[in-house]
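Undergrad: Handing you a structure now.
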Amino acid sequence: MSLLSVQDLHVRYRTRRGVLHAVDGVSFELAPGETLGLVGESGCGKSSLGKAVMRLLEPHSGSVRLEDLDITHLSPSELRPHRKRFQMVFQDPGGSLDPRQRISKLLQTPLALHKLGTVAERKARVQELMQQVGLRPDMAERLPHEFSGGQRQRIAIARALALHPQLIVCDEPVSALDVSLQAQILNLLADLQRTHGMAYLFISHDLSVVQHVADRVAVMYLGRIVELASRAEIWRRPAHPYTRALIGAIPVLDPRRVRIADKPMLQGDLPNPFQPPAGCSFHTRCPHAVALCRERTPALEEIAPGHTVACHLRDALAGRPEPAGQTGQVVHFMRRQAPAHAALPAGAAAARAAHTP
Ligand SMILES: Nc1ncnc2c1ncn2[C@@H]1O[C@H](COP(=O)(O)OP(=O)(O)OP(=O)(O)O)[C@@H](O)[C@H]1O
């Protein structure tokens, strides 16, 4: 059984400019212990989807199920006992921590709210959580401003972990961090997943980050998932022109020539979300668009087991070789982070060594 099942989810905002369909019929499943990466440009609806899954905002329609529990319409009090099963980590670690609250108090609060353990047991759990996220237990008596950005994100992760969740929605968890810290936090999330077995819905605008952590990748454009496949399949056979543009936009290290090759960026801006284009919403930026794309919205259809694409031209495009070097893109991310311990594929390690002055 899926851990998380999202079916035909819609999120709408009523604004003075009209009704905005931020999430427009999204469906996906997430297995226990799996990481689903959700990627797309700023404004495509990733955070709205993440918050609707967390029930931090009310979906307009559709359903969100956690195992056998339909949480879509639970009231706050009905939801409360289940909150410990799903937690969220936000982009801005500073903003999500109360500046006046010591970390020990902050980490004990969810335990106290859920009436878990005695006072002594909660204190012991704080020490354990600090260790699990790579911080010294004695640092728990400090205030948030005494920590660096990377350390604050570790604390936010510790808080999310406190109640042994089955699912953590990570909304741009490394976007606010220097590139040198990003790999450390991504590695920490991966280590914690290996130890504790929780699933992640990992939201990022950066495909190279998503490719680093996700088992499967969902590509979102103007409120809809336009392509969903395993990480390897997205890399090897990207079929939607938007996915191909995102991949092409990642600067890569070409392992043969040992140079950074910049690929063309995505053309144009995201259309006005209040007036999305008719037909395929990507057609206004798509280099392959034909008349049909302007007329009819393509449905998500399977082109290979587990690989679904919403594009009228999916079969033709999936077969085309991608211009960007495939291993090169992953290498590029690893290289940018440059952690001494990062595991590089053998060829990539050689390329990196050759590139280092
Ligand atoms: N509270 C709100 N009221 C009105 N419109 C909103 C609200 N929150 C988000 N939006 C709009 O909904 C759309 C989707 O926003 P959302 O934040 O979900 O996208 P995103 O992909 O997560 O982008 P970002 O990474 O910039 O947050 C955008 O057009 C945004 O302006």
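In the structure tokens, chains take letters A, B, ... by order of appearance, with residues numbered from 1 within each chain and ligands from 1 in the order shown.
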Could you list the protein, DNA and RNA residues that have any atom within 7 Å of ligand 1, counting only C-alpha atoms and all ligand atoms, and write them as a CSV table (one decimal) with C-alpha atoms, in the first residue's frame?

TA:
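Dumped everything to part_3.csv:
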chain,number,residue,atom,x,y,z
A,13,TYR,CA,-6.5,31.1,-4.2
A,14,ARG,CA,-9.2,33.7,-4.4
A,15,THR,CA,-7.5,37.1,-5.0
A,20,LEU,CA,-5.8,31.3,-9.3
A,22,ALA,CA,-2.2,27.0,-8.1
A,40,GLY,CA,9.6,23.2,-11.4
A,41,GLU,CA,10.1,26.9,-11.7
A,42,SER,CA,9.1,29.3,-9.0
A,43,GLY,CA,5.4,29.9,-9.0
A,44,CYS,CA,4.4,26.5,-10.6
A,45,GLY,CA,2.6,25.4,-7.4
A,46,LYS,CA,5.1,23.2,-5.6
A,47,SER,CA,4.7,24.8,-2.2
A,48,SER,CA,0.9,25.0,-2.5
A,49,LEU,CA,0.9,21.3,-3.2
A,205,HIS,CA,13.3,24.4,-8.2
A,273,PRO,CA,-1.3,32.0,-13.9

Undergrad: Which residues, written as a PyMOL selection string, have at least one atom at most 10 Å from Gln7 in chain A, with only C-alpha atoms counted and residues fewer than 5 positions away on the same chain left out?

TA: chain A and resi 25-29+61-65

Undergrad: Go through A:Leu66, A:Ala199, A:Ala299, A:Tyr221 one by one, measure the shortest atom-to-atom distance of each to Pro277 in chain A using only C-alpha atoms, and give the residue with the smallest value.

TA: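 Checking each candidate against Pro277 in chain A, we get A:Tyr221 as the closest.
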
Undergrad: Which neighbours of range 305-320 of chain A fall inside 8 Å, counting only C-alpha atoms, when residues of the same chain fewer than 6 positions from it are skipped, and could you give them as a PDB file with N, CA and C atoms, in the first residue's frame?

TA:
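And here is the file that came out, result_13.pdb:
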ATOM      1  N   ILE A 225       1.363  18.223 -12.984  1.00  0.00           N
ATOM      2  CA  ILE A 225       2.529  17.368 -13.220  1.00  0.00           C
ATOM      3  C   ILE A 225       2.551  17.058 -14.709  1.00  0.00           C
ATOM      4  N   VAL A 226       3.669  17.373 -15.368  1.00  0.00           N
ATOM      5  CA  VAL A 226       3.752  17.132 -16.819  1.00  0.00           C
ATOM      6  C   VAL A 226       4.593  15.901 -17.132  1.00  0.00           C
ATOM      7  N   GLU A 227       5.406  15.461 -16.163  1.00  0.00           N
ATOM      8  CA  GLU A 227       6.171  14.233 -16.387  1.00  0.00           C
ATOM      9  C   GLU A 227       6.519  13.630 -15.029  1.00  0.00           C
ATOM     10  N   LEU A 228       6.446  12.307 -14.955  1.00  0.00           N
ATOM     11  CA  LEU A 228       6.788  11.619 -13.699  1.00  0.00           C
ATOM     12  C   LEU A 228       7.457  10.300 -14.060  1.00  0.00           C
ATOM     13  N   ALA A 229       8.623  10.081 -13.501  1.00  0.00           N
ATOM     14  CA  ALA A 229       9.356   8.841 -13.815  1.00  0.00           C
ATOM     15  C   ALA A 229      10.440   8.640 -12.770  1.00  0.00           C
ATOM     16  N   SER A 230      11.095   7.488 -12.843  1.00  0.00           N
ATOM     17  CA  SER A 230      12.228   7.270 -11.953  1.00  0.00           C
ATOM     18  C   SER A 230      13.324   8.282 -12.304  1.00  0.00           C
ATOM     19  N   GLU A 233      15.183   7.278 -15.414  1.00  0.00           N
ATOM     20  CA  GLU A 233      14.397   7.393 -16.634  1.00  0.00           C
ATOM     21  C   GLU A 233      14.255   8.868 -17.054  1.00  0.00           C
ATOM     22  N   ARG A 237      15.644   9.432 -20.599  1.00  0.00           N
ATOM     23  CA  ARG A 237      14.632   9.559 -21.641  1.00  0.00           C
ATOM     24  C   ARG A 237      13.622  10.648 -21.288  1.00  0.00           C
ATOM     25  N   PRO A 238      14.090  11.885 -21.052  1.00  0.00           N
ATOM     26  CA  PRO A 238      13.121  12.940 -20.742  1.00  0.00           C
ATOM     27  C   PRO A 238      12.235  13.150 -21.963  1.00  0.00           C
ATOM     28  N   ALA A 239      10.913  13.124 -21.771  1.00  0.00           N
ATOM     29  CA  ALA A 239      10.021  13.161 -22.932  1.00  0.00           C
ATOM     30  C   ALA A 239       9.281  14.482 -23.049  1.00  0.00           C
ATOM     31  N   HIS A 240       9.099  15.186 -21.939  1.00  0.00           N
ATOM     32  CA  HIS A 240       8.378  16.459 -22.037  1.00  0.00           C
ATOM     33  C   HIS A 240       9.375  17.571 -22.376  1.00  0.00           C
ATOM     34  N   PRO A 241       9.011  18.453 -23.302  1.00  0.00           N
ATOM     35  CA  PRO A 241       9.948  19.526 -23.679  1.00  0.00           C
ATOM     36  C   PRO A 241      10.355  20.388 -22.491  1.00  0.00           C
ATOM     37  N   CYS A 280      -2.209  22.815 -24.278  1.00  0.00           N
ATOM     38  CA  CYS A 280      -1.073  22.502 -23.404  1.00  0.00           C
ATOM     39  C   CYS A 280      -0.535  23.810 -22.848  1.00  0.00           C
ATOM     40  N   LEU A 292      -2.164  21.198 -32.619  1.00  0.00           N
ATOM     41  CA  LEU A 292      -2.881  20.401 -31.613  1.00  0.00           C
ATOM     42  C   LEU A 292      -2.560  20.879 -30.186  1.00  0.00           C
ATOM     43  N   CYS A 293      -1.315  21.279 -29.967  1.00  0.00           N
ATOM     44  CA  CYS A 293      -0.879  21.699 -28.618  1.00  0.00           C
ATOM     45  C   CYS A 293      -1.618  22.961 -28.177  1.00  0.00           C
ATOM     46  N   PRO A 298      -3.040  17.959 -23.206  1.00  0.00           N
ATOM     47  CA  PRO A 298      -2.651  16.547 -23.223  1.00  0.00           C
ATOM     48  C   PRO A 298      -2.839  15.901 -21.854  1.00  0.00           C
ATOM     49  N   ALA A 299      -3.285  14.653 -21.856  1.00  0.00           N
ATOM     50  CA  ALA A 299      -3.433  13.917 -20.592  1.00  0.00           C
ATOM     51  C   ALA A 299      -2.092  13.275 -20.252  1.00  0.00           C
TER      52      ALA A 299
END

Undergrad: Would you list, as a ChimeraX atom specification, the residues of range 12-109 of chain A that end up in alpha helix (DSSP H) under DSSP run on this structure's backbone?

TA: /A:46-53,76-79,103-109

Undergrad: Which residues are close to Pro76 in chain A, i.e. within 12 Å by only C-alpha atoms, leaving aside same-chain residues fewer than 3 positions away? Reply as a PyMOL selection string.

TA: chain A and resi 54-58+71-73+79-83

Undergrad: Put those residues in a file: N, CA and C atoms, as a PDB file, in the first residue's frame.

TA:
ATOM      1  N   MET A  54       0.209  18.549   3.510  1.00  0.00           N
ATOM      2  CA  MET A  54       0.365  18.661   4.967  1.00  0.00           C
ATOM      3  C   MET A  54      -0.913  19.140   5.650  1.00  0.00           C
ATOM      4  N   ARG A  55      -1.889  19.502   4.843  1.00  0.00           N
ATOM      5  CA  ARG A  55      -3.134  20.107   5.334  1.00  0.00           C
ATOM      6  C   ARG A  55      -2.846  21.417   6.088  1.00  0.00           C
ATOM      7  N   LEU A  56      -1.824  22.140   5.605  1.00  0.00           N
ATOM      8  CA  LEU A  56      -1.589  23.478   6.141  1.00  0.00           C
ATOM      9  C   LEU A  56      -2.456  24.463   5.382  1.00  0.00           C
ATOM     10  N   LEU A  57      -2.954  24.061   4.242  1.00  0.00           N
ATOM     11  CA  LEU A  57      -4.016  24.811   3.574  1.00  0.00           C
ATOM     12  C   LEU A  57      -5.051  23.833   3.037  1.00  0.00           C
ATOM     13  N   GLU A  58      -6.218  24.366   2.856  1.00  0.00           N
ATOM     14  CA  GLU A  58      -7.377  23.538   2.509  1.00  0.00           C
ATOM     15  C   GLU A  58      -7.413  23.307   1.002  1.00  0.00           C
ATOM     16  N   ILE A  71      -7.129  12.183   4.925  1.00  0.00           N
ATOM     17  CA  ILE A  71      -6.975  13.371   5.775  1.00  0.00           C
ATOM     18  C   ILE A  71      -7.563  14.622   5.123  1.00  0.00           C
ATOM     19  N   THR A  72      -8.113  14.467   3.923  1.00  0.00           N
ATOM     20  CA  THR A  72      -8.530  15.648   3.152  1.00  0.00           C
ATOM     21  C   THR A  72      -9.490  16.543   3.925  1.00  0.00           C
ATOM     22  N   HIS A  73     -10.426  15.938   4.605  1.00  0.00           N
ATOM     23  CA  HIS A  73     -11.468  16.764   5.216  1.00  0.00           C
ATOM     24  C   HIS A  73     -11.464  16.692   6.746  1.00  0.00           C
ATOM     25  N   LEU A  79      -7.322  16.045  13.040  1.00  0.00           N
ATOM     26  CA  LEU A  79      -6.009  15.860  12.416  1.00  0.00           C
ATOM     27  C   LEU A  79      -4.887  15.744  13.460  1.00  0.00           C
ATOM     28  N   ARG A  80      -5.084  16.424  14.598  1.00  0.00           N
ATOM     29  CA  ARG A  80      -4.009  16.566  15.588  1.00  0.00           C
ATOM     30  C   ARG A  80      -3.324  15.250  15.966  1.00  0.00           C
ATOM     31  N   PRO A  81      -4.070  14.197  16.314  1.00  0.00           N
ATOM     32  CA  PRO A  81      -3.369  12.965  16.711  1.00  0.00           C
ATOM     33  C   PRO A  81      -2.548  12.346  15.582  1.00  0.00           C
ATOM     34  N   HIS A  82      -2.850  12.708  14.337  1.00  0.00           N
ATOM     35  CA  HIS A  82      -2.135  12.115  13.191  1.00  0.00           C
ATOM     36  C   HIS A  82      -0.973  12.977  12.720  1.00  0.00           C
ATOM     37  N   ARG A  83      -0.888  14.206  13.243  1.00  0.00           N
ATOM     38  CA  ARG A  83       0.139  15.152  12.791  1.00  0.00           C
ATOM     39  C   ARG A  83       1.546  14.581  12.916  1.00  0.00           C
TER      40      ARG A  83
END

Undergrad: Could you check the closest approach to Arg152 in chain A for each of A:Thr35, A:Ser96, A:Ser204, A:Ser281 and tell me which residue wins, using only C-alpha atoms?

TA: A:Ser96

Undergrad: When distances are computed from only C-alpha atoms, which of A:Gln184, A:Gln166, A:Gln153, A:Gln193 shows the smallest separation from Leu4 in chain A?

TA: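 Closest residue, counting only C-alpha atoms: A:Gln166.
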
Undergrad: Under the rule that only C-alpha atoms are counted, which of A:Ile157, A:Val169, A:Leu106, A:Ala112 is the nearest residue to Leu143 in chain A?

TA: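 The answer is A:Leu106, which sits nearest to Leu143 in chain A.
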